[in-house]
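Structure data (CSV, C-alpha atoms and all ligand atoms) from data_1.csv:
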chain,number,residue,atom,x,y,z
A,1139,MET,CA,0.0,0.0,0.0
A,1140,ILE,CA,1.2,3.5,-0.7
A,1141,SER,CA,2.1,4.8,2.7
A,1142,SER,CA,0.5,8.3,2.2
A,1143,TYR,CA,-2.9,6.5,1.7
A,1144,ASN,CA,-2.9,5.6,5.4
A,1145,THR,CA,-1.9,8.8,7.1
A,1146,ARG,CA,-3.9,11.5,8.8
A,1147,GLU,CA,-2.3,14.1,6.6
A,1148,ILE,CA,-1.4,14.0,2.9
A,1149,THR,CA,0.2,16.4,0.5
A,1150,VAL,CA,-1.3,16.9,-2.9
A,1151,ASN,CA,0.6,19.2,-5.4
A,1152,GLY,CA,2.1,21.0,-2.4
A,1153,GLU,CA,-1.2,21.5,-0.7
A,1154,LYS,CA,-1.8,19.8,2.7
A,1155,PHE,CA,-5.0,17.9,3.4
A,1156,GLU,CA,-5.9,16.4,6.8
A,1157,ILE,CA,-8.7,13.9,7.8
A,1158,LEU,CA,-12.0,15.6,8.3
A,1159,ILE,CA,-14.1,12.4,8.7
A,1160,ASP,CA,-12.4,9.1,9.2
A,1161,GLU,CA,-13.3,5.7,7.8
A,1162,ALA,CA,-15.0,4.4,11.0
A,1163,GLU,CA,-17.2,7.6,11.3
A,1164,ILE,CA,-18.2,7.3,7.7
A,1165,GLN,CA,-19.1,3.6,7.9
A,1166,LYS,CA,-21.2,4.2,11.1
A,1167,ARG,CA,-23.2,6.9,9.5
A,1168,VAL,CA,-23.7,4.9,6.2
A,1169,VAL,CA,-25.2,2.1,8.3
A,1170,GLU,CA,-27.6,4.6,10.0
A,1171,LEU,CA,-28.6,6.1,6.6
A,1172,GLY,CA,-29.2,2.6,5.2
A,1173,GLU,CA,-31.5,1.7,8.1
A,1174,GLN,CA,-33.4,4.9,7.9
A,1175,ILE,CA,-34.0,4.6,4.2
A,1176,SER,CA,-34.9,0.9,4.4
A,1177,ASN,CA,-37.5,1.8,7.0
A,1178,ASP,CA,-39.0,4.7,5.0
A,1179,TYR,CA,-39.4,2.5,1.9
A,1180,GLN,CA,-41.0,-0.6,3.4
A,1181,GLY,CA,-43.4,-2.0,0.8
A,1182,SER,CA,-41.7,-0.3,-2.1
A,1183,ILE,CA,-38.8,-1.3,-4.5
A,1184,PRO,CA,-37.0,2.0,-4.8
A,1185,ILE,CA,-34.5,2.8,-7.6
A,1186,PHE,CA,-31.2,4.3,-6.3
A,1187,ILE,CA,-29.7,6.6,-8.9
A,1188,GLY,CA,-26.0,7.1,-8.4
A,1189,VAL,CA,-24.3,10.3,-9.7
A,1190,LEU,CA,-21.0,9.3,-11.4
A,1191,ASN,CA,-18.2,9.4,-10.7
A,1192,GLY,CA,-18.1,10.8,-7.2
A,1193,SER,CA,-20.9,8.8,-5.5
A,1194,VAL,CA,-19.7,5.3,-6.5
A,1195,ILE,CA,-18.0,4.5,-3.2
A,1196,PHE,CA,-20.8,5.9,-1.0
A,1197,PHE,CA,-23.3,4.3,-3.3
A,1198,ALA,CA,-21.7,0.8,-3.0
A,1199,ASP,CA,-21.6,1.1,0.8
A,1200,LEU,CA,-25.1,2.5,1.1
A,1201,ILE,CA,-26.9,-0.1,-0.9
A,1202,ARG,CA,-25.2,-2.9,1.0
A,1203,ASN,CA,-26.9,-1.4,4.0
A,1204,ILE,CA,-30.4,-1.4,2.4
A,1205,SER,CA,-32.4,-4.3,3.7
A,1206,ILE,CA,-35.3,-4.1,1.3
A,1207,ASN,CA,-35.4,-5.0,-2.5
A,1208,CYS,CA,-34.1,-2.2,-4.6
A,1209,GLU,CA,-32.7,-1.4,-8.1
A,1210,VAL,CA,-29.9,0.7,-9.2
A,1211,ASP,CA,-29.0,3.0,-12.1
A,1212,PHE,CA,-26.5,5.8,-12.8
A,1213,LEU,CA,-26.4,9.3,-14.2
A,1214,LYS,CA,-23.3,11.2,-15.1
A,1215,LEU,CA,-23.1,15.0,-15.1
A,1216,SER,CA,-20.2,17.2,-16.2
A,1217,SER,CA,-17.9,17.8,-13.3
A,1218,TYR,CA,-15.8,20.8,-12.1
A,1219,GLY,CA,-13.0,19.5,-14.3
A,1220,ASP,CA,-9.8,20.3,-12.4
A,1221,ALA,CA,-11.2,23.3,-10.6
A,1222,LYS,CA,-12.2,23.5,-6.9
A,1223,ILE,CA,-15.2,25.7,-7.5
A,1224,SER,CA,-18.4,25.1,-9.4
A,1225,SER,CA,-18.4,26.4,-13.0
A,1226,GLY,CA,-22.1,27.2,-12.5
A,1227,ASN,CA,-23.4,25.0,-15.3
A,1228,VAL,CA,-24.3,21.4,-15.6
A,1229,LYS,CA,-24.4,19.1,-18.6
A,1230,LEU,CA,-25.8,15.5,-18.8
A,1231,ILE,CA,-23.0,13.1,-20.0
A,1232,LYS,CA,-24.8,9.8,-19.3
A,1233,GLU,CA,-28.5,9.3,-19.2
A,1234,LEU,CA,-30.6,6.8,-17.2
A,1235,ASN,CA,-31.3,3.4,-18.6
A,1236,ALA,CA,-34.1,2.5,-16.2
A,1237,ASP,CA,-37.8,3.4,-16.7
A,1238,ILE,CA,-38.6,5.4,-13.6
A,1239,LYS,CA,-42.3,6.2,-14.4
A,1240,ASP,CA,-44.4,5.6,-11.2
A,1241,ARG,CA,-41.3,4.5,-9.3
A,1242,ASP,CA,-39.8,5.7,-6.0
A,1243,VAL,CA,-36.5,7.3,-6.9
A,1244,VAL,CA,-33.6,8.0,-4.5
A,1245,ILE,CA,-30.8,10.2,-5.9
A,1246,VAL,CA,-27.5,9.3,-4.3
A,1247,GLU,CA,-25.0,12.2,-4.2
A,1248,ASP,CA,-21.5,12.3,-2.7
A,1249,ILE,CA,-21.7,16.0,-1.9
A,1250,VAL,CA,-24.0,18.9,-2.3
A,1251,ASP,CA,-22.2,22.2,-2.7
A,1252,THR,CA,-24.2,25.0,-4.5
A,1253,GLY,CA,-27.1,22.6,-5.1
A,1254,LEU,CA,-27.2,23.2,-8.8
A,1255,SER,CA,-26.6,19.5,-9.7
A,1256,ILE,CA,-29.6,18.5,-7.5
A,1257,VAL,CA,-31.9,21.2,-9.1
A,1258,TYR,CA,-30.8,19.9,-12.5
A,1259,MET,CA,-31.3,16.2,-11.8
A,1260,LYS,CA,-34.6,16.7,-10.0
A,1261,GLY,CA,-35.9,18.6,-13.1
A,1262,LEU,CA,-34.6,15.9,-15.4
A,1263,LEU,CA,-36.1,13.0,-13.4
A,1264,LYS,CA,-39.4,14.8,-12.8
A,1265,SER,CA,-40.0,15.0,-16.5
A,1266,GLN,CA,-40.0,11.1,-16.5
A,1267,ASN,CA,-43.0,11.0,-14.1
A,1268,PRO,CA,-41.6,9.0,-11.1
A,1269,LYS,CA,-43.9,8.4,-8.1
A,1270,SER,CA,-41.5,10.2,-5.8
A,1271,ILE,CA,-38.0,11.6,-5.8
A,1272,LYS,CA,-35.8,11.9,-2.6
A,1273,VAL,CA,-32.2,12.8,-2.2
A,1274,VAL,CA,-29.5,11.3,-0.1
A,1275,THR,CA,-26.1,12.9,0.1
A,1276,LEU,CA,-23.2,11.9,2.2
A,1277,LEU,CA,-21.9,15.5,2.6
A,1278,HIS,CA,-23.6,18.9,2.5
A,1279,LYS,CA,-22.0,22.3,2.6
A,1280,PRO,CA,-24.9,24.4,3.8
A,1281,GLU,CA,-22.9,27.7,3.6
A,1282,ALA,CA,-22.2,27.1,-0.1
A,1283,THR,CA,-25.8,26.1,-1.1
A,1284,LYS,CA,-27.5,28.8,-3.2
A,1285,TYR,CA,-30.5,27.0,-4.4
A,1286,ASP,CA,-33.7,26.2,-2.5
A,1287,ILE,CA,-33.4,22.4,-2.4
A,1288,LYS,CA,-34.7,19.7,-0.1
A,1289,LEU,CA,-32.2,17.1,1.0
A,1290,ASP,CA,-34.0,14.2,2.5
A,1291,TYR,CA,-31.0,12.3,4.1
A,1292,VAL,CA,-27.7,14.0,4.9
A,1293,GLY,CA,-24.7,12.1,6.2
A,1294,PHE,CA,-22.6,15.0,7.5
A,1295,GLN,CA,-22.9,18.8,7.2
A,1296,ILE,CA,-19.4,20.2,6.6
A,1297,PRO,CA,-18.0,23.7,6.3
A,1298,ASN,CA,-17.4,25.4,2.9
A,1299,ILE,CA,-14.1,23.7,2.2
A,1300,PHE,CA,-12.7,21.5,-0.5
A,1301,VAL,CA,-12.7,17.8,0.4
A,1302,ILE,CA,-11.3,14.7,-1.2
A,1303,GLY,CA,-11.4,10.9,-0.6
A,1304,TYR,CA,-14.2,8.3,-0.3
A,1305,GLY,CA,-15.2,8.9,-4.0
A,1306,LEU,CA,-14.4,12.6,-4.1
A,1307,ASP,CA,-11.5,13.6,-6.4
A,1308,HIS,CA,-8.7,16.0,-6.8
A,1309,SER,CA,-8.1,16.2,-10.5
A,1310,GLN,CA,-9.7,12.8,-10.9
A,1311,LYS,CA,-7.3,11.2,-8.3
A,1312,TYR,CA,-7.6,10.3,-4.6
A,1313,ARG,CA,-11.1,8.9,-4.9
A,1314,ASN,CA,-9.7,5.7,-3.4
A,1315,LEU,CA,-8.8,7.3,0.0
A,1316,ARG,CA,-10.9,5.5,2.7
A,1317,SER,CA,-11.4,8.7,4.8
A,1318,ILE,CA,-12.5,12.2,3.8
A,1319,TYR,CA,-9.8,14.8,3.8
A,1320,ALA,CA,-10.1,18.6,3.9
A,1321,LEU,CA,-7.8,21.2,2.5
A,1322,LYS,CA,-5.9,22.6,5.5
A,1323,SER,CA,-6.2,26.3,6.0
A,1324,THR,CA,-2.7,27.6,6.5
B,1,LIG,P1,-23.1,21.4,-6.8
B,1,LIG,O1,-23.9,21.2,-8.1
B,1,LIG,O2,-24.0,21.1,-5.6
B,1,LIG,O3,-22.5,22.8,-6.7
B,1,LIG,O4,-21.9,20.5,-6.8
B,1,LIG,C1,-22.0,19.1,-6.7
B,1,LIG,C2,-20.8,18.4,-7.3
B,1,LIG,O5,-19.6,19.2,-7.2
B,1,LIG,C3,-20.4,17.1,-6.5
B,1,LIG,O6,-21.1,16.0,-7.0
B,1,LIG,C4,-18.9,17.0,-6.7
B,1,LIG,O7,-18.7,16.4,-7.9
B,1,LIG,C5,-18.5,18.5,-6.8
B,1,LIG,N1,-17.9,19.0,-5.5
B,1,LIG,C6,-18.5,19.9,-4.7
B,1,LIG,N2,-17.8,20.2,-3.7
B,1,LIG,C7,-16.7,19.4,-3.8
B,1,LIG,C8,-15.5,19.2,-2.9
B,1,LIG,O8,-15.3,19.8,-1.9
B,1,LIG,N3,-14.6,18.2,-3.4
B,1,LIG,C9,-14.8,17.6,-4.6
B,1,LIG,N4,-13.8,16.7,-4.9
B,1,LIG,N5,-15.8,17.7,-5.4
B,1,LIG,C10,-16.8,18.6,-5.0
Go through the file and emit its structure as structure tokens.
Amino acid sequence: MISSYNTREITVNGEKFEILIDEAEIQKRVVELGEQISNDYQGSIPIFIGVLNGSVIFFADLIRNISINCEVDFLKLSSYGDAKISSGNVKLIKELNADIKDRDVVIVEDIVDTGLSIVYMKGLLKSQNPKSIKVVTLLHKPEATKYDIKLDYVGFQIPNIFVIGYGLDHSQKYRNLRSIYALKST
């Protein structure tokens, strides 16, 4: 194993990141979210829609904590590219394959920042006439959120700082870190 993948602090392109939420805390919260969602959807077979690429790790852990029948599908939106701030526009790169008409849909996000991606996805999915749409996000930056959005399940609220790990990238890398790291303010 690369030793830097195990430490509390890592350096990326000269910038220092330190653990904000460690692996054990994440796993505990994911179990809780799985239980809560499973209870709320008793009697239904929801479709979990993962938002590529960032949500894959959270998605895989979350659905293994869902104790009712469910289906999965994925959407891909344009990302920030290599920037750390939102470009302010969103494009669809990969569409859904599933037919979501009259289905209970749960959007699974890694992080909600401005909220634009959620606004965009809800609009897109609503036009396909699902029975319901709810949102689960592992992380939420309330101070950065500019849109009036409802987040049904939130893992952790975090300050308005750039984070990596557990699916979240830094120029496409570091998604495989097992904890969530935040850019250290110097
Ligand atoms: P929003 O549309 O809410 O502004 O942004 C959501 C998307 O921005 C997330 O799915 C994620 O791809 C990206 N994003 C927002 N904040 C961060 C962050 O702190 N770190 C990383 N790696 N990506 C982020």
How close does each residue of region 1229-1268 of chain A get to region 1209-1212 of chain A, giving the shortest atom pair and distance in Å to one decimal for every residue with an atom at most 8 Å away, counting all atoms listed in the file, sorted by chain and residue number, as JSON lines?
{"residue": "A:Lys1232", "atom": "CA", "partner": "A:Phe1212", "partner_atom": "CA", "distance": 7.8}
{"residue": "A:Glu1233", "atom": "CA", "partner": "A:Phe1212", "partner_atom": "CA", "distance": 7.6}
{"residue": "A:Leu1234", "atom": "CA", "partner": "A:Phe1212", "partner_atom": "CA", "distance": 6.1}
{"residue": "A:Asn1235", "atom": "CA", "partner": "A:Asp1211", "partner_atom": "CA", "distance": 6.9}
{"residue": "A:Ala1236", "atom": "CA", "partner": "A:Asp1211", "partner_atom": "CA", "distance": 6.6}
Enumerate, in order of chain and increasing residue number, the residues of chain A with an atom no farther than 9 Å from ligand LIG 1 (chain B), each with its shortest atom pair and distance in Å to one decimal, counting only C-alpha atoms and all ligand atoms, as CSV.
residue,atom,partner,partner_atom,distance
A:Val1189,CA,B:LIG1,O6,7.1
A:Leu1190,CA,B:LIG1,O6,8.0
A:Asn1191,CA,B:LIG1,O7,7.6
A:Gly1192,CA,B:LIG1,O7,5.7
A:Ser1193,CA,B:LIG1,O6,7.4
A:Leu1215,CA,B:LIG1,O6,8.4
A:Ser1216,CA,B:LIG1,O7,8.5
A:Ser1217,CA,B:LIG1,O7,5.6
A:Tyr1218,CA,B:LIG1,C5,6.4
A:Ala1221,CA,B:LIG1,N5,8.9
A:Lys1222,CA,B:LIG1,C8,6.7
A:Ile1223,CA,B:LIG1,N2,7.2
A:Ser1224,CA,B:LIG1,O3,5.4
A:Ser1225,CA,B:LIG1,O3,8.3
A:Gly1226,CA,B:LIG1,O3,7.3
A:Asn1227,CA,B:LIG1,O1,8.2
A:Val1228,CA,B:LIG1,O1,7.5
A:Glu1247,CA,B:LIG1,O6,6.1
A:Asp1248,CA,B:LIG1,O6,5.7
A:Ile1249,CA,B:LIG1,C3,4.9
A:Val1250,CA,B:LIG1,O2,4.0
A:Asp1251,CA,B:LIG1,O2,3.6
A:Thr1252,CA,B:LIG1,O3,3.5
A:Gly1253,CA,B:LIG1,O2,3.5
A:Leu1254,CA,B:LIG1,O1,3.9
A:Ser1255,CA,B:LIG1,O1,3.6
A:Ile1256,CA,B:LIG1,O1,6.3
A:Val1257,CA,B:LIG1,O1,8.1
A:Tyr1258,CA,B:LIG1,O1,8.3
A:Leu1277,CA,B:LIG1,N2,8.9
A:His1278,CA,B:LIG1,O2,8.4
A:Lys1279,CA,B:LIG1,N2,7.9
A:Ala1282,CA,B:LIG1,O3,7.9
A:Thr1283,CA,B:LIG1,O2,7.0
A:Lys1284,CA,B:LIG1,O3,8.6
A:Tyr1285,CA,B:LIG1,O2,8.9
A:Asn1298,CA,B:LIG1,O8,7.7
A:Ile1299,CA,B:LIG1,O8,5.8
A:Phe1300,CA,B:LIG1,O8,3.4
A:Val1301,CA,B:LIG1,O8,4.0
A:Ile1302,CA,B:LIG1,N4,4.9
A:Gly1303,CA,B:LIG1,N4,7.6
A:Gly1305,CA,B:LIG1,N4,8.0
A:Leu1306,CA,B:LIG1,N4,4.2
A:Asp1307,CA,B:LIG1,N4,4.1
A:His1308,CA,B:LIG1,N4,5.5
A:Ser1309,CA,B:LIG1,N4,8.0
A:Gln1310,CA,B:LIG1,N4,8.2
A:Tyr1312,CA,B:LIG1,N4,8.9
A:Arg1313,CA,B:LIG1,N4,8.3
A:Ala1320,CA,B:LIG1,O8,7.9
A:Leu1321,CA,B:LIG1,O8,8.8
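Taking CA of Glu1170 (chain A) and CA of Thr1145 (chain A) as the two end points, the separation is 26.2 Å.
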Open item on the list: Report, in Å with one decimal, the straight-line distance from CA of Tyr1179 (chain A) to CA of Gln1295 (chain A).
Closed with: 23.8 Å
TODO: Provide the CA of Asn1314 (chain A) to CA of Ile1195 (chain A) distance in Å, to one decimal place.
DONE: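 A separation of 8.4 Å between them.
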Can you list, as a CSV table (one decimal) with C-alpha atoms, in the frame of the given file, every protein, DNA or RNA residue that comes within 7 Å of Lys1269 (chain A) when you count only C-alpha atoms, leaving out same-chain residues fewer than 5 positions away?
chain,number,residue,atom,x,y,z
A,1239,LYS,CA,-42.3,6.2,-14.4
A,1240,ASP,CA,-44.4,5.6,-11.2
A,1241,ARG,CA,-41.3,4.5,-9.3
A,1242,ASP,CA,-39.8,5.7,-6.0
- [ ] Please identify all polymer residues within 12 Å of Pro1268 (chain A), counting all atoms listed in the file, omitting same-chain residues fewer than 2 positions from it, and present them as number ranges by chain.
- [x] A: 1184-1185, 1236-1244, 1260-1266, 1270-1272
Task: Exercise: Cys1208 (chain A) partners within 9 Å, only C-alpha atoms, chain neighbours under 3 positions left out, as a PyMOL selection string - done: chain A and resi 1182-1186+1201+1204-1205
- [ ] Up to 7 Å from (-14.1, 7.2, 6.5) in the file's coordinates: name the residues, counting only C-alpha atoms, as number ranges by chain.
- [x] A: 1159-1165, 1304, 1316-1318
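Among the candidates A:Ile1175, A:Leu1315, A:Ile1231, A:Leu1213, the residue lying nearest to Val1273 (chain A) is A:Ile1175 (atoms considered: all atoms listed in the file).
Distances here use only C-alpha atoms; by that measure, the residue among A:Ile1245, A:Leu1171, A:Leu1230, A:Val1194 closest to Tyr1291 (chain A) is A:Leu1171.
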TODO: Can you work out which one of A:Ile1187, A:Val1168, A:Leu1276, A:Val1150 has the shortest atom-to-atom distance to Leu1200 (chain A), counting all atoms listed in the file?
DONE: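 The closest residue to Leu1200 (chain A) is A:Val1168.
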For region 1187-1199 of chain A, supply N, CA and C atoms and report the output as a CSV table (one decimal), in the coordinates of the input.
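Generated output (result-v8.csv):
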chain,number,residue,atom,x,y,z
A,1187,ILE,N,-30.4,6.0,-7.7
A,1187,ILE,CA,-29.7,6.6,-8.9
A,1187,ILE,C,-28.4,7.3,-8.4
A,1188,GLY,N,-27.3,6.6,-8.7
A,1188,GLY,CA,-26.0,7.1,-8.4
A,1188,GLY,C,-25.5,8.2,-9.4
A,1189,VAL,N,-24.8,9.2,-8.8
A,1189,VAL,CA,-24.3,10.3,-9.7
A,1189,VAL,C,-22.8,10.0,-9.9
A,1190,LEU,N,-22.5,9.6,-11.1
A,1190,LEU,CA,-21.0,9.3,-11.4
A,1190,LEU,C,-20.2,10.6,-11.5
A,1191,ASN,N,-18.9,10.6,-11.2
A,1191,ASN,CA,-18.2,9.4,-10.7
A,1191,ASN,C,-18.2,9.4,-9.1
A,1192,GLY,N,-18.4,10.6,-8.6
A,1192,GLY,CA,-18.1,10.8,-7.2
A,1192,GLY,C,-18.8,9.9,-6.2
A,1193,SER,N,-20.1,9.5,-6.5
A,1193,SER,CA,-20.9,8.8,-5.5
A,1193,SER,C,-20.6,7.3,-5.5
A,1194,VAL,N,-19.8,6.8,-6.4
A,1194,VAL,CA,-19.7,5.3,-6.5
A,1194,VAL,C,-19.3,4.6,-5.2
A,1195,ILE,N,-18.4,5.2,-4.4
A,1195,ILE,CA,-18.0,4.5,-3.2
A,1195,ILE,C,-19.1,4.5,-2.1
A,1196,PHE,N,-19.7,5.7,-2.0
A,1196,PHE,CA,-20.8,5.9,-1.0
A,1196,PHE,C,-22.0,5.0,-1.5
A,1197,PHE,N,-22.2,5.0,-2.8
A,1197,PHE,CA,-23.3,4.3,-3.3
A,1197,PHE,C,-23.2,2.8,-3.0
A,1198,ALA,N,-22.0,2.3,-3.3
A,1198,ALA,CA,-21.7,0.8,-3.0
A,1198,ALA,C,-21.9,0.5,-1.6
A,1199,ASP,N,-21.4,1.3,-0.7
A,1199,ASP,CA,-21.6,1.1,0.8
A,1199,ASP,C,-23.0,1.2,1.2
